[in-house]
>>> print(open('input.pdb').read())   # PDB, C-alpha atoms
ATOM      1  CA  MET A   1       1.081  -4.373 -50.142
ATOM      2  CA  SER A   2      -2.132  -5.884 -51.471
ATOM      3  CA  PHE A   3      -4.585  -4.121 -49.161
ATOM      4  CA  LYS A   4      -6.403  -1.207 -50.686
ATOM      5  CA  ALA A   5      -9.596   0.465 -49.519
ATOM      6  CA  THR A   6     -12.299   0.022 -52.179
ATOM      7  CA  HIS A   7     -15.597   0.767 -50.481
ATOM      8  CA  PRO A   8     -18.987   1.064 -52.227
ATOM      9  CA  PRO A   9     -20.273   4.651 -52.478
ATOM     10  CA  ASP A  10     -22.986   4.084 -49.855
ATOM     11  CA  THR A  11     -20.606   2.643 -47.209
ATOM     12  CA  PRO A  12     -20.825   4.525 -43.869
ATOM     13  CA  LEU A  13     -17.562   6.382 -43.240
ATOM     14  CA  TYR A  14     -16.103   7.652 -39.963
ATOM     15  CA  PRO A  15     -13.631  10.483 -39.271
ATOM     16  CA  ILE A  16     -10.362   9.676 -37.537
ATOM     17  CA  ARG A  17     -11.528  11.070 -34.205
ATOM     18  CA  GLU A  18     -14.469   8.654 -34.109
ATOM     19  CA  VAL A  19     -12.282   5.721 -35.158
ATOM     20  CA  SER A  20      -9.853   6.603 -32.383
ATOM     21  CA  ARG A  21     -12.721   6.578 -29.886
ATOM     22  CA  LEU A  22     -14.075   3.255 -31.157
ATOM     23  CA  THR A  23     -10.743   1.418 -31.239
ATOM     24  CA  GLY A  24      -8.773   3.108 -28.456
ATOM     25  CA  VAL A  25      -5.918   3.843 -30.883
ATOM     26  CA  ASN A  26      -4.978   7.519 -30.938
ATOM     27  CA  SER A  27      -4.964   9.446 -34.188
ATOM     28  CA  VAL A  28      -1.177   9.864 -34.213
ATOM     29  CA  THR A  29      -0.752   6.083 -34.170
ATOM     30  CA  LEU A  30      -3.389   5.562 -36.871
ATOM     31  CA  ARG A  31      -1.549   8.003 -39.127
ATOM     32  CA  ALA A  32       1.796   6.337 -38.396
ATOM     33  CA  TRP A  33       0.417   2.894 -39.251
ATOM     34  CA  GLU A  34      -0.818   4.280 -42.557
ATOM     35  CA  ARG A  35       2.242   6.324 -43.545
ATOM     36  CA  ARG A  36       5.040   4.089 -42.344
ATOM     37  CA  TYR A  37       3.668   0.586 -42.888
ATOM     38  CA  GLY A  38       0.567   0.923 -45.069
ATOM     39  CA  LEU A  39      -1.411  -1.097 -42.536
ATOM     40  CA  ILE A  40      -4.592   0.828 -43.245
ATOM     41  CA  ARG A  41      -5.702   2.854 -46.259
ATOM     42  CA  PRO A  42      -8.558   5.205 -45.408
ATOM     43  CA  GLN A  43     -10.403   7.189 -48.012
ATOM     44  CA  ARG A  44      -9.825  10.933 -48.253
ATOM     45  CA  THR A  45     -12.214  13.842 -48.591
ATOM     46  CA  PRO A  46     -11.483  16.502 -51.236
ATOM     47  CA  LYS A  47      -9.763  18.466 -48.447
ATOM     48  CA  GLY A  48      -7.589  15.490 -47.482
ATOM     49  CA  HIS A  49      -9.381  14.402 -44.292
ATOM     50  CA  ARG A  50      -9.274  10.660 -43.583
ATOM     51  CA  LEU A  51     -12.486   8.636 -43.597
ATOM     52  CA  TYR A  52     -12.651   5.029 -42.388
ATOM     53  CA  ALA A  53     -15.176   2.319 -43.227
ATOM     54  CA  GLN A  54     -16.222  -0.548 -40.961
ATOM     55  CA  ASP A  55     -13.733  -2.927 -42.613
ATOM     56  CA  ASP A  56     -10.947  -0.441 -41.793
ATOM     57  CA  ILE A  57     -12.067  -0.534 -38.154
ATOM     58  CA  THR A  58     -12.124  -4.337 -38.241
ATOM     59  CA  ARG A  59      -8.598  -4.282 -39.682
ATOM     60  CA  ILE A  60      -7.427  -1.977 -36.878
ATOM     61  CA  GLU A  61      -8.881  -4.402 -34.326
ATOM     62  CA  ARG A  62      -6.928  -7.256 -35.957
ATOM     63  CA  ILE A  63      -3.755  -5.170 -35.797
ATOM     64  CA  LEU A  64      -4.340  -4.696 -32.067
ATOM     65  CA  GLN A  65      -4.871  -8.431 -31.615
ATOM     66  CA  TRP A  66      -1.487  -9.177 -33.174
ATOM     67  CA  LEU A  67       0.251  -6.445 -31.182
ATOM     68  CA  ASN A  68      -1.271  -7.774 -27.955
ATOM     69  CA  ARG A  69       0.133 -11.212 -28.816
ATOM     70  CA  GLY A  70       3.625  -9.709 -28.854
ATOM     71  CA  VAL A  71       4.069  -9.261 -32.605
ATOM     72  CA  PRO A  72       5.960  -6.039 -33.481
ATOM     73  CA  VAL A  73       4.191  -3.661 -35.828
ATOM     74  CA  SER A  74       6.814  -4.289 -38.531
ATOM     75  CA  GLN A  75       5.667  -7.925 -38.766
ATOM     76  CA  VAL A  76       1.916  -7.337 -38.563
ATOM     77  CA  VAL A  77       1.587  -6.272 -42.200
ATOM     78  CA  ASP A  78       2.456  -9.792 -43.391
ATOM     79  CA  LEU A  79      -0.117 -11.393 -41.076
ATOM     80  CA  LEU A  80      -3.249  -9.367 -41.649
ATOM     81  CA  ASP A  81      -4.430 -11.211 -44.729
ATOM     82  CA  GLN A  82      -3.571 -14.643 -43.340
ATOM     83  CA  PRO A  83      -6.212 -16.959 -41.811
ATOM     84  CA  GLU A  84      -7.148 -15.878 -38.295
ATOM     85  CA  THR A  85      -6.004 -19.250 -36.930
ATOM     86  CA  ILE A  86      -2.377 -18.651 -37.935
ATOM     87  CA  GLU A  87       0.086 -18.793 -35.059
ATOM     88  CA  ALA A  88       2.128 -15.780 -34.017
ATOM     89  CA  PRO A  89       5.539 -15.930 -35.716
ATOM     90  CA  ALA A  90       8.702 -16.749 -33.840
ATOM     91  CA  THR A  91      10.577 -13.654 -32.743
ATOM     92  CA  ASP A  92      13.603 -12.508 -34.737
ATOM     93  CA  ALA A  93      16.129  -9.693 -34.735
ATOM     94  CA  GLY A  94      13.415  -7.133 -35.495
ATOM     95  CA  ASP A  95      11.215  -7.947 -32.516
ATOM     96  CA  TRP A  96      10.684  -6.456 -29.065
ATOM     97  CA  SER A  97      13.921  -7.865 -27.662
ATOM     98  CA  SER A  98      15.908  -6.005 -30.287
ATOM     99  CA  GLN A  99      14.001  -2.796 -29.612
ATOM    100  CA  ARG A 100      14.560  -3.124 -25.862
ATOM    101  CA  GLN A 101      18.281  -3.574 -26.396
ATOM    102  CA  GLN A 102      18.300  -0.536 -28.652
ATOM    103  CA  LEU A 103      16.419   1.577 -26.108
ATOM    104  CA  GLN A 104      18.676   0.483 -23.249
ATOM    105  CA  GLY A 105      21.763   1.267 -25.315
ATOM    106  CA  ILE A 106      20.477   4.738 -26.146
ATOM    107  CA  ILE A 107      19.709   5.455 -22.483
ATOM    108  CA  GLU A 108      23.104   4.257 -21.258
ATOM    109  CA  ALA A 109      24.902   6.200 -23.993
ATOM    110  CA  LEU A 110      23.146   9.366 -22.790
ATOM    111  CA  ASP A 111      22.155  10.107 -26.394
ATOM    112  CA  LEU A 112      19.248  12.441 -25.712
ATOM    113  CA  ALA A 113      18.503  13.195 -29.361
ATOM    114  CA  LYS A 114      18.076   9.500 -30.150
ATOM    115  CA  LEU A 115      16.164   8.965 -26.897
ATOM    116  CA  GLU A 116      13.675  11.677 -27.817
ATOM    117  CA  ALA A 117      13.219  10.217 -31.304
ATOM    118  CA  PHE A 118      12.772   6.697 -29.897
ATOM    119  CA  TYR A 119      10.291   7.905 -27.281
ATOM    120  CA  HIS A 120       8.080   9.700 -29.795
ATOM    121  CA  GLN A 121       8.337   6.885 -32.319
ATOM    122  CA  SER A 122       7.337   4.241 -29.774
ATOM    123  CA  LEU A 123       4.306   6.262 -28.685
ATOM    124  CA  ALA A 124       3.336   6.935 -32.296
ATOM    125  CA  LEU A 125       3.628   3.364 -33.585
ATOM    126  CA  TYR A 126       2.022   1.562 -30.645
ATOM    127  CA  PRO A 127      -0.901   2.105 -28.297
ATOM    128  CA  LEU A 128       0.594   3.384 -25.067
ATOM    129  CA  SER A 129      -0.269   0.248 -23.078
ATOM    130  CA  ILE A 130       1.733  -1.882 -25.525
ATOM    131  CA  ALA A 131       4.652   0.574 -25.659
ATOM    132  CA  ILE A 132       4.893   0.513 -21.852
ATOM    133  CA  ASP A 133       4.351  -3.245 -21.538
ATOM    134  CA  GLU A 134       6.798  -4.285 -24.249
ATOM    135  CA  LEU A 135       9.419  -1.518 -24.200
ATOM    136  CA  TRP A 136       9.579   1.008 -21.408
ATOM    137  CA  GLN A 137       8.637  -1.060 -18.360
ATOM    138  CA  PRO A 138      10.952  -4.005 -19.241
ATOM    139  CA  VAL A 139      13.872  -1.646 -19.927
ATOM    140  CA  ILE A 140      13.345   0.226 -16.660
ATOM    141  CA  LEU A 141      13.212  -3.085 -14.791
ATOM    142  CA  THR A 142      16.459  -4.207 -16.447
ATOM    143  CA  LEU A 143      18.193  -0.928 -15.690
ATOM    144  CA  GLU A 144      17.068  -0.860 -12.066
ATOM    145  CA  ALA A 145      18.323  -4.426 -11.560
ATOM    146  CA  LYS A 146      21.635  -3.383 -13.080
ATOM    147  CA  TRP A 147      21.844  -0.234 -10.969
ATOM    148  CA  ALA A 148      21.158  -2.249  -7.814
ATOM    149  CA  ILE A 149      24.470  -4.055  -8.467
ATOM    150  CA  SER A 150      26.434  -1.132  -9.865
ATOM    151  CA  SER A 151      24.864   2.280  -9.475
ATOM    152  CA  ASP A 152      25.015   4.739 -12.377
ATOM    153  CA  LEU A 153      23.448   7.848 -10.942
ATOM    154  CA  LEU A 154      24.168   9.976 -14.008
ATOM    155  CA  VAL A 155      22.239   7.664 -16.323
ATOM    156  CA  ARG A 156      19.357   7.354 -13.856
ATOM    157  CA  ARG A 157      19.007  11.084 -13.286
ATOM    158  CA  THR A 158      19.336  11.846 -17.001
ATOM    159  CA  LEU A 159      16.568   9.378 -17.839
ATOM    160  CA  GLU A 160      14.398  10.750 -15.039
ATOM    161  CA  ALA A 161      14.898  14.335 -16.228
ATOM    162  CA  PHE A 162      14.062  13.377 -19.809
ATOM    163  CA  LEU A 163      10.889  11.507 -18.876
ATOM    164  CA  ARG A 164       9.854  14.176 -16.387
ATOM    165  CA  SER A 165       9.926  16.815 -19.138
ATOM    166  CA  GLN A 166       8.182  14.645 -21.742
ATOM    167  CA  VAL A 167       5.512  13.285 -19.416
ATOM    168  CA  GLY A 168       5.065  16.697 -17.790
ATOM    169  CA  ILE A 169       4.268  18.311 -21.143
ATOM    170  CA  ARG A 170       1.805  15.551 -21.942
ATOM    171  CA  LEU A 171       0.088  15.875 -18.550
ATOM    172  CA  HIS A 172      -0.121  19.649 -18.826
ATOM    173  CA  TYR A 173      -2.130  19.582 -22.028
ATOM    174  CA  ALA A 174      -4.105  16.444 -21.203
ATOM    175  CA  ASN A 175      -5.226  17.848 -17.832
ATOM    176  CA  GLN A 176      -6.624  20.898 -19.615
ATOM    177  CA  THR A 177      -8.756  18.922 -22.040
ATOM    178  CA  THR A 178     -10.043  15.992 -19.983
ATOM    179  CA  ARG A 179     -12.816  16.046 -17.392
ATOM    180  CA  GLY A 180     -11.925  12.730 -15.801
ATOM    181  CA  PRO A 181     -11.376  12.247 -12.056
ATOM    182  CA  LEU A 182      -8.162  13.636 -10.589
ATOM    183  CA  ILE A 183      -5.646  11.017  -9.475
ATOM    184  CA  LEU A 184      -3.035  12.090  -6.928
ATOM    185  CA  LEU A 185       0.030  10.068  -7.875
ATOM    186  CA  ASN A 186       2.758   9.890  -5.230
ATOM    187  CA  ALA A 187       6.096   8.105  -4.950
ATOM    188  CA  MET A 188       6.850   5.913  -1.932
ATOM    189  CA  PRO A 189       9.715   6.921   0.379
ATOM    190  CA  ASP A 190      12.305   4.251  -0.545
ATOM    191  CA  ASP A 191      12.027   4.670  -4.297
ATOM    192  CA  PRO A 192      15.292   6.304  -5.458
ATOM    193  CA  GLY A 193      13.645   8.135  -8.340
ATOM    194  CA  PRO A 194      10.348   8.830 -10.107
ATOM    195  CA  LEU A 195      10.604   6.374 -13.011
ATOM    196  CA  TRP A 196       7.638   4.266 -11.871
ATOM    197  CA  VAL A 197       5.594   7.340 -11.010
ATOM    198  CA  LEU A 198       6.294   8.816 -14.443
ATOM    199  CA  MET A 199       5.231   5.661 -16.262
ATOM    200  CA  SER A 200       2.107   5.403 -14.094
ATOM    201  CA  ALA A 201       1.255   9.051 -14.769
ATOM    202  CA  LEU A 202       1.660   8.565 -18.510
ATOM    203  CA  MET A 203      -0.645   5.547 -18.486
ATOM    204  CA  ALA A 204      -3.281   7.181 -16.253
ATOM    205  CA  SER A 205      -3.394  10.291 -18.421
ATOM    206  CA  GLU A 206      -3.831   8.173 -21.546
ATOM    207  CA  GLN A 207      -6.862   6.523 -19.907
ATOM    208  CA  GLY A 208      -8.614   9.871 -19.462
ATOM    209  CA  TYR A 209      -7.723  10.759 -15.870
ATOM    210  CA  ARG A 210      -6.414  14.095 -14.739
ATOM    211  CA  VAL A 211      -3.137  13.465 -12.954
ATOM    212  CA  GLN A 212      -1.393  15.417 -10.218
ATOM    213  CA  MET A 213       2.060  13.849 -10.078
ATOM    214  CA  LEU A 214       4.332  14.132  -7.041
ATOM    215  CA  ASP A 215       7.641  12.516  -7.922
ATOM    216  CA  HIS A 216       9.023  13.036  -4.413
ATOM    217  CA  SER A 217       7.273  11.217  -1.614
ATOM    218  CA  LEU A 218       4.703  13.237   0.306
ATOM    219  CA  PRO A 219       4.463  12.209   3.986
ATOM    220  CA  LEU A 220       1.458   9.997   4.618
ATOM    221  CA  ASP A 221       0.070  12.315   7.264
ATOM    222  CA  ALA A 222      -0.109  15.067   4.625
ATOM    223  CA  LEU A 223      -2.274  13.021   2.268
ATOM    224  CA  PRO A 224      -5.687  14.034   3.725
ATOM    225  CA  GLN A 225      -4.903  17.705   3.246
ATOM    226  CA  ALA A 226      -3.502  17.064  -0.244
ATOM    227  CA  VAL A 227      -6.645  15.167  -1.255
ATOM    228  CA  ALA A 228      -8.886  17.931   0.073
ATOM    229  CA  ARG A 229      -6.982  20.843  -1.456
ATOM    230  CA  LEU A 230      -6.420  19.183  -4.833
ATOM    231  CA  HIS A 231      -9.952  17.686  -4.946
ATOM    232  CA  SER A 232      -8.495  14.273  -5.686
ATOM    233  CA  SER A 233     -10.747  11.268  -6.279
ATOM    234  CA  MET A 234      -8.027   8.748  -5.477
ATOM    235  CA  VAL A 235      -4.446   8.396  -4.271
ATOM    236  CA  LEU A 236      -2.165   6.157  -6.315
ATOM    237  CA  LEU A 237       1.167   5.154  -4.765
ATOM    238  CA  SER A 238       3.976   3.689  -6.842
ATOM    239  CA  SER A 239       7.445   2.303  -6.195
ATOM    240  CA  GLY A 240      10.060   0.102  -7.777
ATOM    241  CA  GLN A 241      11.309  -0.973  -4.336
ATOM    242  CA  ARG A 242      10.175  -3.336  -1.597
ATOM    243  CA  GLU A 243       9.727  -0.487   0.925
ATOM    244  CA  SER A 244      10.186  -0.963   4.656
ATOM    245  CA  ASP A 245       8.162  -3.355   6.810
ATOM    246  CA  SER A 246       6.906  -0.576   9.059
ATOM    247  CA  TYR A 247       5.749   1.505   6.105
ATOM    248  CA  ILE A 248       3.951  -1.364   4.347
ATOM    249  CA  GLN A 249       2.521  -3.166   7.372
ATOM    250  CA  HIS A 250       1.600  -0.269   9.645
ATOM    251  CA  GLU A 251       1.977   3.290   8.335
ATOM    252  CA  LEU A 252       0.334   2.759   4.956
ATOM    253  CA  PRO A 253      -2.733   0.819   6.222
ATOM    254  CA  ASN A 254      -3.294   3.443   8.920
ATOM    255  CA  ALA A 255      -3.090   6.214   6.322
ATOM    256  CA  ALA A 256      -5.613   4.395   4.121
ATOM    257  CA  LYS A 257      -8.091   4.182   6.988
ATOM    258  CA  ALA A 258      -7.801   7.928   7.574
ATOM    259  CA  LEU A 259      -8.628   8.883   3.984
ATOM    260  CA  ASN A 260     -12.088   9.249   2.491
ATOM    261  CA  VAL A 261     -10.866   8.249  -0.984
ATOM    262  CA  PRO A 262      -9.339   4.937  -2.144
ATOM    263  CA  ILE A 263      -5.572   4.335  -2.074
ATOM    264  CA  GLY A 264      -4.132   2.107  -4.791
ATOM    265  CA  VAL A 265      -0.638   0.610  -4.968
ATOM    266  CA  CYS A 266       1.129  -0.178  -8.243
ATOM    267  CA  GLY A 267       4.616  -0.827  -9.563
ATOM    268  CA  GLU A 268       7.146  -3.411  -8.456
ATOM    269  CA  VAL A 269       6.169  -2.870  -4.823
ATOM    270  CA  ALA A 270       2.768  -4.397  -5.607
ATOM    271  CA  ARG A 271       4.471  -7.620  -6.659
ATOM    272  CA  LEU A 272       7.125  -7.636  -3.940
ATOM    273  CA  ARG A 273       4.582  -6.909  -1.171
ATOM    274  CA  ALA A 274       1.534  -8.718  -2.522
ATOM    275  CA  GLU A 275       1.110 -10.881   0.589
ATOM    276  CA  ASP A 276       1.326  -7.913   2.952
ATOM    277  CA  LEU A 277      -1.096  -5.747   0.986
ATOM    278  CA  ARG A 278      -3.673  -8.233  -0.279
ATOM    279  CA  ASP A 279      -6.132  -8.260   2.638
ATOM    280  CA  GLY A 280      -5.690  -4.746   3.988
ATOM    281  CA  PRO A 281      -7.519  -1.456   3.330
ATOM    282  CA  LEU A 282      -5.346  -0.658   0.288
ATOM    283  CA  HIS A 283      -6.153  -1.663  -3.276
ATOM    284  CA  LEU A 284      -3.445  -3.854  -4.778
ATOM    285  CA  LEU A 285      -3.333  -2.963  -8.478
ATOM    286  CA  GLY A 286      -0.302  -4.968  -9.586
ATOM    287  CA  ASP A 287       3.093  -4.416 -11.172
ATOM    288  CA  ASP A 288       1.894  -4.420 -14.793
ATOM    289  CA  LEU A 289       1.209  -0.705 -15.219
ATOM    290  CA  PRO A 290      -1.364  -0.833 -18.059
ATOM    291  CA  GLN A 291      -3.348  -3.463 -16.147
ATOM    292  CA  ALA A 292      -2.975  -1.520 -12.902
ATOM    293  CA  ILE A 293      -4.416   1.648 -14.443
ATOM    294  CA  ALA A 294      -7.215  -0.351 -16.108
ATOM    295  CA  ARG A 295      -8.262  -1.499 -12.613
ATOM    296  CA  LEU A 296      -8.881   2.100 -11.513
ATOM    297  CA  ARG A 297     -12.190   2.445 -13.343
ATOM    298  CA  PRO A 298     -14.156  -0.263 -11.490
ATOM    299  CA  LEU A 299     -12.544   0.904  -8.262
ATOM    300  CA  LEU A 300     -13.729   4.475  -8.819
ATOM    301  CA  ARG A 301     -17.182   3.233  -9.795
ATOM    302  CA  GLU A 302     -17.375   1.343  -6.536
ATOM    303  CA  ALA A 303     -16.363   4.513  -4.673
ATOM    304  CA  GLY A 304     -19.158   6.433  -6.413
ATOM    305  CA  VAL A 305     -16.816   8.686  -8.385
ATOM    306  CA  LEU A 306     -17.808   7.432 -11.855
TER
END
>>> encode(input="input.pdb", output="structure tokens")
Amino acid sequence: MSFKATHPPDTPLYPIREVSRLTGVNSVTLRAWERRYGLIRPQRTPKGHRLYAQDDITRIERILQWLNRGVPVSQVVDLLDQPETIEAPATDAGDWSSQRQQLQGIIEALDLAKLEAFYHQSLALYPLSIAIDELWQPVILTLEAKWAISSDLLVRRTLEAFLRSQVGIRLHYANQTTRGPLILLNAMPDDPGPLWVLMSALMASEQGYRVQMLDHSLPLDALPQAVARLHSSMVLLSSGQRESDSYIQHELPNAAKALNVPIGVCGEVARLRAEDLRDGPLHLLGDDLPQAIARLRPLLREAGVL
């Protein structure tokens, strides 16, 4: 590793919290990049606190650019000091495909200890949007396609229980510390489990929203009361299924008209029902969960919430 922080004495330095705010990379990930791969080398105070200069921040932004181009973090270290015009390397056995296969194998083997380690490692090494885009969402899609042909209820329910506990803990603490708008996140009736809701909740919480997650479908006629009693700023519906014609074409649009807050739709249903939902009163957010959650902010601004 040739990179080493050597900043002049008068260089402005920033604590890790400020760097996290500026770059969108949480402090756990910044520490993991430093300890595991040596991607960044901040200075230290006499008490051991990390301090970052502007060139460290620029380096972090370059790391994000490579990650967003699909390069795994293990390969980024060899690219950072190359010319910026260099092409992304061809994938190999250490890339996302290999990690997806590993994750799927762990899930299907019901190895909860390895699943917990993989979960925490993926969220430590990568910004959450990349971890969901490149690992968790593709694996869930693969598993659901497989289960549609040959159901494995034990594996599904075990994965759901694991994610429910992990995401639930994260939401509990995040909801206490953030002052963002409250999103009421509800599953649709035909979804056989809360996997899409859990991933959506994780992403929304990371983006600074308070999240009330309902992983079993609440009847549409109960939504107005739920919004009022929970003081929700928006309802977000998610599903990995196509859902019924009557629900998509009639019941859901009627429910949207009866609410005084926006209703957004995300998950696979947003792709499968794009034509039905595009011109109605609902907000079609898409099946890419990080992009779907990113679309909430302008929507809430338009509604006068932000």
>>> residues_near_point(input="input.pdb", point="(-1.3, 11.0, 6.1)", cutoff="8 Å", atoms="all atoms listed in the file", output="PyMOL selection string")
chain A and resi 219-224+255+258-259
>>> resolve_selection(input="input.pdb", expression="the PyMOL selection byres ((chain A and resi 43) around 10)", output="ChimeraX atom specification")
/A:4-7,13-15,40-42,44-46,48-53,56
>>> residues_around(input="input.pdb", residues="stretch 156-173 of chain A", least_positions_apart="4", cutoff="12 Å", atoms="all atoms listed in the file", output="number ranges by chain")
A: 103-104, 106-117, 119-120, 123, 136, 139-140, 143-144, 146-148, 150-152, 177-178, 182-183, 192-215
>>> residues_around(input="input.pdb", residues="A:Leu272", least_positions_apart="3", cutoff="12 Å", atoms="all atoms listed in the file", output="PDB file with C-alpha atoms, keeping the file's coordinate frame")
ATOM      1  CA  SER A 239       7.445   2.303  -6.195  1.00  0.00           C
ATOM      2  CA  GLY A 240      10.060   0.102  -7.777  1.00  0.00           C
ATOM      3  CA  GLN A 241      11.309  -0.973  -4.336  1.00  0.00           C
ATOM      4  CA  ARG A 242      10.175  -3.336  -1.597  1.00  0.00           C
ATOM      5  CA  GLU A 243       9.727  -0.487   0.925  1.00  0.00           C
ATOM      6  CA  SER A 244      10.186  -0.963   4.656  1.00  0.00           C
ATOM      7  CA  ASP A 245       8.162  -3.355   6.810  1.00  0.00           C
ATOM      8  CA  ILE A 248       3.951  -1.364   4.347  1.00  0.00           C
ATOM      9  CA  VAL A 265      -0.638   0.610  -4.968  1.00  0.00           C
ATOM     10  CA  CYS A 266       1.129  -0.178  -8.243  1.00  0.00           C
ATOM     11  CA  GLY A 267       4.616  -0.827  -9.563  1.00  0.00           C
ATOM     12  CA  GLU A 268       7.146  -3.411  -8.456  1.00  0.00           C
ATOM     13  CA  VAL A 269       6.169  -2.870  -4.823  1.00  0.00           C
ATOM     14  CA  GLU A 275       1.110 -10.881   0.589  1.00  0.00           C
ATOM     15  CA  ASP A 276       1.326  -7.913   2.952  1.00  0.00           C
ATOM     16  CA  LEU A 277      -1.096  -5.747   0.986  1.00  0.00           C
ATOM     17  CA  ARG A 278      -3.673  -8.233  -0.279  1.00  0.00           C
ATOM     18  CA  LEU A 284      -3.445  -3.854  -4.778  1.00  0.00           C
ATOM     19  CA  GLY A 286      -0.302  -4.968  -9.586  1.00  0.00           C
ATOM     20  CA  ASP A 287       3.093  -4.416 -11.172  1.00  0.00           C
TER      21      ASP A 287
END
>>> residues_around(input="input.pdb", residues="A:Gly24", least_positions_apart="6", cutoff="10 Å", atoms="all atoms listed in the file", output="list in words")
Glu18, Ile60, Glu61, Leu64, Pro127, Leu128, Glu206 and Gln207 of chain A
>>> atom_distance(input="input.pdb", atom1="atom CA of A:Trp33", atom2="atom CA of A:Leu125")
6.5 Å
>>> atom_distance(input="input.pdb", atom1="atom CA of A:Ala124", atom2="atom CA of A:Pro12")
26.9 Å
>>> atom_distance(input="input.pdb", atom1="atom CA of A:Gln137", atom2="atom CA of A:Asp288")
8.3 Å
>>> closest_residue(input="input.pdb", among="A:Ile130, A:Gln75, A:Leu141, A:Leu135", to="A:Phe118", atoms="all atoms listed in the file")
A:Leu135
>>> closest_residue(input="input.pdb", among="A:Met234, A:Leu154, A:Leu285, A:Ala226", to="A:Gly180", atoms="only C-alpha atoms")
A:Met234
>>> closest_residue(input="input.pdb", among="A:Gly280, A:Pro290, A:Pro181, A:Pro72", to="A:Leu306", atoms="all atoms listed in the file")
A:Pro181
>>> axis_aligned_box(input="input.pdb", around="stretch 229-246 of chain A", padding_each_side="6 Å", output="lines of an AutoDock Vina configuration file")
center_x = 0.3
center_y = 8.7
center_z = 0.6
size_x = 34.1
size_y = 36.2
size_z = 28.8
>>> closest_residue(input="input.pdb", among="A:Leu300, A:Ala131, A:Ala292, A:Leu252", to="A:Leu67", atoms="all atoms listed in the file")
A:Ala131
>>> residues_near_point(input="input.pdb", point="(-5.1, 0.4, -1.0)", cutoff="7 Å", atoms="all atoms listed in the file", output="PyMOL selection string")
chain A and resi 256+262-265+281-284
>>> decode(input="input.pdb", residues="stretch 64-75 of chain A", atoms="N, CA, C and O atoms", output="CSV table (one decimal), in the first residue's frame")
chain,number,residue,atom,x,y,z
A,64,LEU,N,-16.2,5.6,-3.6
A,64,LEU,CA,-17.6,5.5,-3.9
A,64,LEU,C,-17.9,5.4,-5.4
A,64,LEU,O,-18.8,4.6,-5.8
A,65,GLN,N,-17.1,6.1,-6.2
A,65,GLN,CA,-17.3,6.1,-7.6
A,65,GLN,C,-17.0,4.7,-8.2
A,65,GLN,O,-17.8,4.2,-9.0
A,66,TRP,N,-16.0,4.1,-7.7
A,66,TRP,CA,-15.6,2.7,-8.1
A,66,TRP,C,-16.7,1.7,-7.6
A,66,TRP,O,-17.1,0.8,-8.4
A,67,LEU,N,-17.1,1.8,-6.4
A,67,LEU,CA,-18.1,0.9,-5.9
A,67,LEU,C,-19.4,1.1,-6.7
A,67,LEU,O,-20.1,0.1,-7.0
A,68,ASN,N,-19.8,2.3,-7.0
A,68,ASN,CA,-21.0,2.5,-7.8
A,68,ASN,C,-20.9,2.0,-9.2
A,68,ASN,O,-21.9,1.8,-9.9
A,69,ARG,N,-19.7,1.7,-9.7
A,69,ARG,CA,-19.5,1.1,-11.0
A,69,ARG,C,-19.5,-0.4,-10.9
A,69,ARG,O,-19.2,-1.1,-11.9
A,70,GLY,N,-19.7,-0.9,-9.7
A,70,GLY,CA,-19.8,-2.4,-9.6
A,70,GLY,C,-18.5,-3.0,-9.2
A,70,GLY,O,-18.4,-4.3,-9.2
A,71,VAL,N,-17.5,-2.3,-8.8
A,71,VAL,CA,-16.2,-2.8,-8.4
A,71,VAL,C,-16.2,-3.2,-6.9
A,71,VAL,O,-16.6,-2.3,-6.1
A,72,PRO,N,-16.0,-4.4,-6.5
A,72,PRO,CA,-16.0,-4.8,-5.1
A,72,PRO,C,-14.9,-4.1,-4.3
A,72,PRO,O,-13.8,-3.7,-4.9
A,73,VAL,N,-15.1,-3.9,-3.1
A,73,VAL,CA,-14.2,-3.1,-2.3
A,73,VAL,C,-12.8,-3.7,-2.3
A,73,VAL,O,-11.8,-3.0,-2.2
A,74,SER,N,-12.7,-5.0,-2.4
A,74,SER,CA,-11.4,-5.7,-2.4
A,74,SER,C,-10.5,-5.3,-3.6
A,74,SER,O,-9.3,-5.4,-3.5
A,75,GLN,N,-11.2,-4.9,-4.7
A,75,GLN,CA,-10.4,-4.5,-5.9
A,75,GLN,C,-10.1,-3.0,-6.0
A,75,GLN,O,-9.3,-2.5,-6.8
